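S.K.: Before I ask anything, let me first share the structure, which is written out below as structure tokens.
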Amino acid sequence: MTARNPLIAPLVAIALCLGCPAFAQISAQLSTRHLARGEQAYLEIILPPGRPTSALPVIPSIPDVTVRATDPSALSRPMPGRRIEYFYQYVVESYAVGRHTIPAVEWLINGLKTRTEPIEFVVFNPDELQWHEATVAGQPLRYAAGFHILKDRPYAGETIPVEIKIFVPSEFAITVEDWGIPEFQLDGVACWRLEPSPTKGQLNVLGKAYASLAYPSTLTPTRGGKVGIGPAKLRLTSTQSMILNGFHQRFTEESFLAIPKLDFETMPLPPGAPAGFDNAIGSFTLHAHTGETEVHEGDPISVDVNVTGSGNLDTMRPPHLLQPKGWKIYEATATQRGDERRRLSGSVIFQQLIKPLDLQAAVPPFCLVYFDPILKQYRSITTEPIPLKILPSTAASAQPAGPPQALPIPVERMTDILAVLHPAQDLIPEHPALPPWLGHAVGAALAFCLIAKALWMRLSSRLRPNRLKAVELRALHELERTPADNDTLFLRQAGAFVERWLGGQPNPGLQAILAERDTHCFLAEKPTSFLGKRRKEILKLLRQAITTAIVLAALAALPTSASAATKDAAKSDAAKSDASPGQPLAAYASANYEDAIKLWLAAGDYARLSPAVLYNIGNACYRLGSPGYAALYYRRALAREPGHEESRQNLRFIERKCGSLSVQRPDYQYALARLPLRLWQAGVWTGLWLCVLALLVFPATRDGARIRIAAIFTLVLAPLLVTLGVLGCHYYPDDAEFVPVANQAVIVAEKIVVHADASRSSPEVIDAPPGSLCELVNLSGEWAYIAFASKTRGWIPAAALEKVIPEKPPAPPKIRKPPATERSA
């Protein structure tokens, strides 16, 4: 079987748009299709991606319309994806009221002719404008605004241009910093978002200068009869200035412009639609291409069907095979269009997967049946057959004889979640009983001992033995406690110390001490004080010894203090959680799930709630009928302890039950998750310390020592332990590989649909079942821009999701209870 590359389809689509001469299309767009008499509009001829040519496109002459280029060379502007778009710009102006058409512009690209779609626009009398008033900074503002469509009676399902046209005084337009996005209502129509045109026009009305701005887009009626768009509200942000306390100050002012509703009639499509007509309305061309012209029998073939023209490209259904017999046809997918949806003209690529059921000589033609609203008739277009070479399948010969096929591995047959856990404590202790660095400290201590022994074995013969032992230190301490005013007793004890511990050493100084004792301590009349500075020197030495002993005692007392602090912290935690784990468990057992959630969340600081408590909250949310919140708290438990097996198993159950979108992983990663992540990490560090200690055993022991045999076995097994630990940590299932945990969010609401834009009237992208994991890319008001692990992006209401790591302690979730039934009663 031929090897298949998953990058073929995207590369073919890019080649169709960029590389193939037949698809090197140029397009044209007009800043506004509704011009007041004498108003200027801007025409742009947009070039295909690549280096612009030096030839200026020639615009055919148009009666009563003036068209002139603003620049003889191509202009450029940045576009999403770090690409540059090149275009030629023209000024369009007319004083003749009525309808006009900018004809198609032909251009030669790579030796082939390409042309733009004709653009129709309307010139109207400015006396027909309907004026309104608004208040800005306490001053009246006179403006004109309204919805405009080119066709008064479009067909149901026909896509037509629509725009909001606004006329405001020029002096006010200069102060506007943000023109805003209008909020509007829809009645029987679908409309893509209206955004302001980058260029503004100028118009004089009754001797006063006005600036005009258009919000162009496309509109599609969804039913016949009377439909409408609007009313709309547009928020403008302007900068005002005033003199306050002698200083010139600037401030922003928000104003709202009301745009009235536009009602119009739609017509049903004429009867007699031919077979194969689905919903395509407009004027189109069709082309099919595949990069797989030689395949084995049974291999699927990916065909890219490109539809180019003007019409309902966003809602169009894919073309169909003209001769489907002998082919298995899969569901086609269409490339998502971006801001070009606001344009009537463009192209859409359908990626169609088909598989031959027998030997075929060619890919059959694709056919598109559409209704042309200009010609008012149904038409059909077809592609050329694509020659195909199908080789015999090698699957049968490639399968060797061998043992019978193994039975499938059993899968989980869960029909309900696991039961709640009974943790000993609801809170994680602030100071764990065994600190995480304890293992490293033990390894370092053993290594230090081995290093010290190795050094002692090599340097002990050079070191002078220390005669002052522990008993001698105690004797010197007793000597220091001799009363300061009794030098006779001090000399007696000093002489006894010399005789007992230093008598065998031939030292003249020690003999002088003994002689001094004999001279002063055995007289009939003994003086009380006679040592002077000599006694101070001895006391100074003893004080240093006492200081060393105090430091050693303080260091020895530290573990006891830390243990006491840990016990105090545990007592404090027990006092804080005196709500006792039995109370929320009792509420859960009595089906008071809301009270159980409140008690668990009130057990203490959320940051210290144990994974078992978060797991129990997820169970309570599931019992309340919210699989989305249940999945959220299971993921919060896993974020706190990645190896929490009950949370992972219940999460798998919810994802299967609800069809949630999540990160798909191979089975071996879930097998790794049966052991906690910290255990795999401990294996790595344990293996490394064993290697270090085994290597230190050799210099710290003598030849023939039995411990060296154990060290050799350790040097063989420890690297294997390190390797297993590293592999386990590397392949451990971690959703942070898809996106960091701080940006992860879970869909908690039911029946959520992802939209292409932050509007419920925008096209739908995909269903988002509860419990789906996504990345929170951006927040915009009440809408959130999200991305799934399947690379699908879109907008959903922000209230429909919750972040896995909350920015503040979460409140008990507000869950709408499902109606009681016989099964739930």
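Ordering of the structure tokens sets the chain letters (A, B, ...); residue numbers start at 1 within each chain; ligands are numbered from 1 in the order shown.
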Give me the residues near Pro72 of chain A as a list in words, where near means some atom within 10 Å (using only C-alpha atoms) and where sequence neighbours in that chain fewer than 2 positions away do not count.
M.R.: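 The neighbour list is Ser54, Ala55, Leu56, Pro57, Arg68, Ala69, Thr70, Ala74, Leu75, Tyr88, Gln89 and Tyr90 of chain A.
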S.K.: Output the selection as a short mmCIF file (atom, residue, chain, number, x, y, z; two decimals), in the first residue's frame - all heavy atoms for each residue.
M.R.:
```cif
data_model
loop_
_atom_site.label_atom_id
_atom_site.label_comp_id
_atom_site.auth_asym_id
_atom_site.auth_seq_id
_atom_site.Cartn_x
_atom_site.Cartn_y
_atom_site.Cartn_z
N SER A 54 4.77 45.08 -12.10
CA SER A 54 4.94 46.53 -12.27
C SER A 54 3.84 47.16 -13.12
O SER A 54 3.75 48.38 -13.21
CB SER A 54 6.31 46.82 -12.92
OG SER A 54 6.40 46.15 -14.16
N ALA A 55 3.02 46.34 -13.77
CA ALA A 55 1.99 46.87 -14.66
C ALA A 55 0.77 47.27 -13.85
O ALA A 55 0.26 46.50 -13.03
CB ALA A 55 1.61 45.84 -15.71
N LEU A 56 0.28 48.49 -14.08
CA LEU A 56 -0.91 48.98 -13.40
C LEU A 56 -2.14 48.46 -14.14
O LEU A 56 -2.27 48.64 -15.35
CB LEU A 56 -0.92 50.51 -13.39
CG LEU A 56 -2.12 51.18 -12.70
CD1 LEU A 56 -2.06 50.93 -11.20
CD2 LEU A 56 -2.11 52.68 -12.98
N PRO A 57 -3.07 47.76 -13.43
CA PRO A 57 -4.27 47.26 -14.11
C PRO A 57 -5.07 48.41 -14.72
O PRO A 57 -5.21 49.49 -14.13
CB PRO A 57 -5.05 46.57 -12.99
CG PRO A 57 -4.04 46.29 -11.93
CD PRO A 57 -3.04 47.38 -12.01
N ARG A 68 -9.68 56.90 -11.04
CA ARG A 68 -8.26 57.28 -11.22
C ARG A 68 -7.43 56.62 -10.11
O ARG A 68 -7.91 56.43 -8.98
CB ARG A 68 -8.09 58.80 -11.17
CG ARG A 68 -8.47 59.43 -9.85
CD ARG A 68 -8.27 60.95 -9.88
NE ARG A 68 -8.53 61.57 -8.60
CZ ARG A 68 -9.73 61.94 -8.18
NH1 ARG A 68 -10.79 61.75 -8.95
NH2 ARG A 68 -9.88 62.49 -6.99
N ALA A 69 -6.22 56.24 -10.47
CA ALA A 69 -5.33 55.55 -9.53
C ALA A 69 -4.75 56.55 -8.53
O ALA A 69 -4.38 57.67 -8.89
CB ALA A 69 -4.22 54.84 -10.28
N THR A 70 -4.65 56.15 -7.28
CA THR A 70 -4.02 57.00 -6.26
C THR A 70 -2.50 56.89 -6.29
O THR A 70 -1.82 57.79 -5.82
CB THR A 70 -4.52 56.61 -4.86
OG1 THR A 70 -4.19 55.23 -4.60
CG2 THR A 70 -6.04 56.78 -4.77
N ALA A 74 2.07 49.31 -6.73
CA ALA A 74 1.25 48.55 -5.79
C ALA A 74 1.55 48.96 -4.36
O ALA A 74 2.71 49.22 -3.99
CB ALA A 74 1.52 47.05 -5.97
N LEU A 75 0.51 49.04 -3.54
CA LEU A 75 0.63 49.32 -2.12
C LEU A 75 0.64 47.99 -1.35
O LEU A 75 0.28 46.94 -1.89
CB LEU A 75 -0.54 50.20 -1.65
CG LEU A 75 -0.74 51.51 -2.42
CD1 LEU A 75 -1.97 52.25 -1.89
CD2 LEU A 75 0.49 52.40 -2.31
N TYR A 88 -3.61 47.50 -5.69
CA TYR A 88 -3.63 48.79 -6.37
C TYR A 88 -4.90 49.52 -5.94
O TYR A 88 -5.98 48.91 -5.83
CB TYR A 88 -3.62 48.62 -7.89
CG TYR A 88 -2.29 48.13 -8.42
CD1 TYR A 88 -2.06 46.77 -8.65
CD2 TYR A 88 -1.27 49.02 -8.71
CE1 TYR A 88 -0.85 46.32 -9.14
CE2 TYR A 88 -0.04 48.58 -9.20
CZ TYR A 88 0.16 47.22 -9.41
OH TYR A 88 1.36 46.79 -9.89
N GLN A 89 -4.78 50.82 -5.71
CA GLN A 89 -5.90 51.60 -5.19
C GLN A 89 -6.33 52.67 -6.20
O GLN A 89 -5.48 53.32 -6.82
CB GLN A 89 -5.53 52.25 -3.85
CG GLN A 89 -6.70 52.86 -3.12
CD GLN A 89 -6.28 53.47 -1.79
OE1 GLN A 89 -5.55 54.47 -1.78
NE2 GLN A 89 -6.72 52.89 -0.68
N TYR A 90 -7.65 52.83 -6.32
CA TYR A 90 -8.24 53.80 -7.24
C TYR A 90 -9.32 54.58 -6.48
O TYR A 90 -9.94 54.07 -5.54
CB TYR A 90 -8.89 53.11 -8.45
CG TYR A 90 -7.95 52.23 -9.23
CD1 TYR A 90 -7.67 50.93 -8.82
CD2 TYR A 90 -7.34 52.69 -10.40
CE1 TYR A 90 -6.82 50.12 -9.53
CE2 TYR A 90 -6.49 51.89 -11.13
CZ TYR A 90 -6.22 50.60 -10.69
OH TYR A 90 -5.38 49.80 -11.41
#
```
S.K.: Hey, what's within 10 Å of Leu375 of chain A if we count only C-alpha atoms and toss same-chain stuff fewer than 3 positions away? As JSON, numbers by chain, please?
M.R.: {"A": [282, 283, 371, 372, 378, 379]}
S.K.: Which one of A:Lys261, A:Arg153, A:Arg623, A:Lys355 sits closest to Gly230 of chain A if you count only C-alpha atoms?
M.R.: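 Selected residue with least distance to Gly230 of chain A: A:Lys261.
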S.K.: Once DSSP has gone over the backbone, tell me which residues of segment 227-446 of chain A are in helix (DSSP H, G or I), as a list in words.
M.R.: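 So the helix (DSSP H, G or I) residues in segment 227-446 of chain A would be Asp339, Glu340, Arg341, Arg342, Ala395, Ala396, Ser397, Ala398, Leu438, Gly439, His440, Ala441, Val442, Gly443, Ala444, Ala445 and Leu446 of chain A.
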S.K.: In Å, rounded to a single decimal, give me how far atom CA of Val753 of chain A is from atom CA of Glu807 of chain A.
M.R.: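 Separation between atom CA of Glu807 of chain A and atom CA of Val753 of chain A: 25.2 Å.
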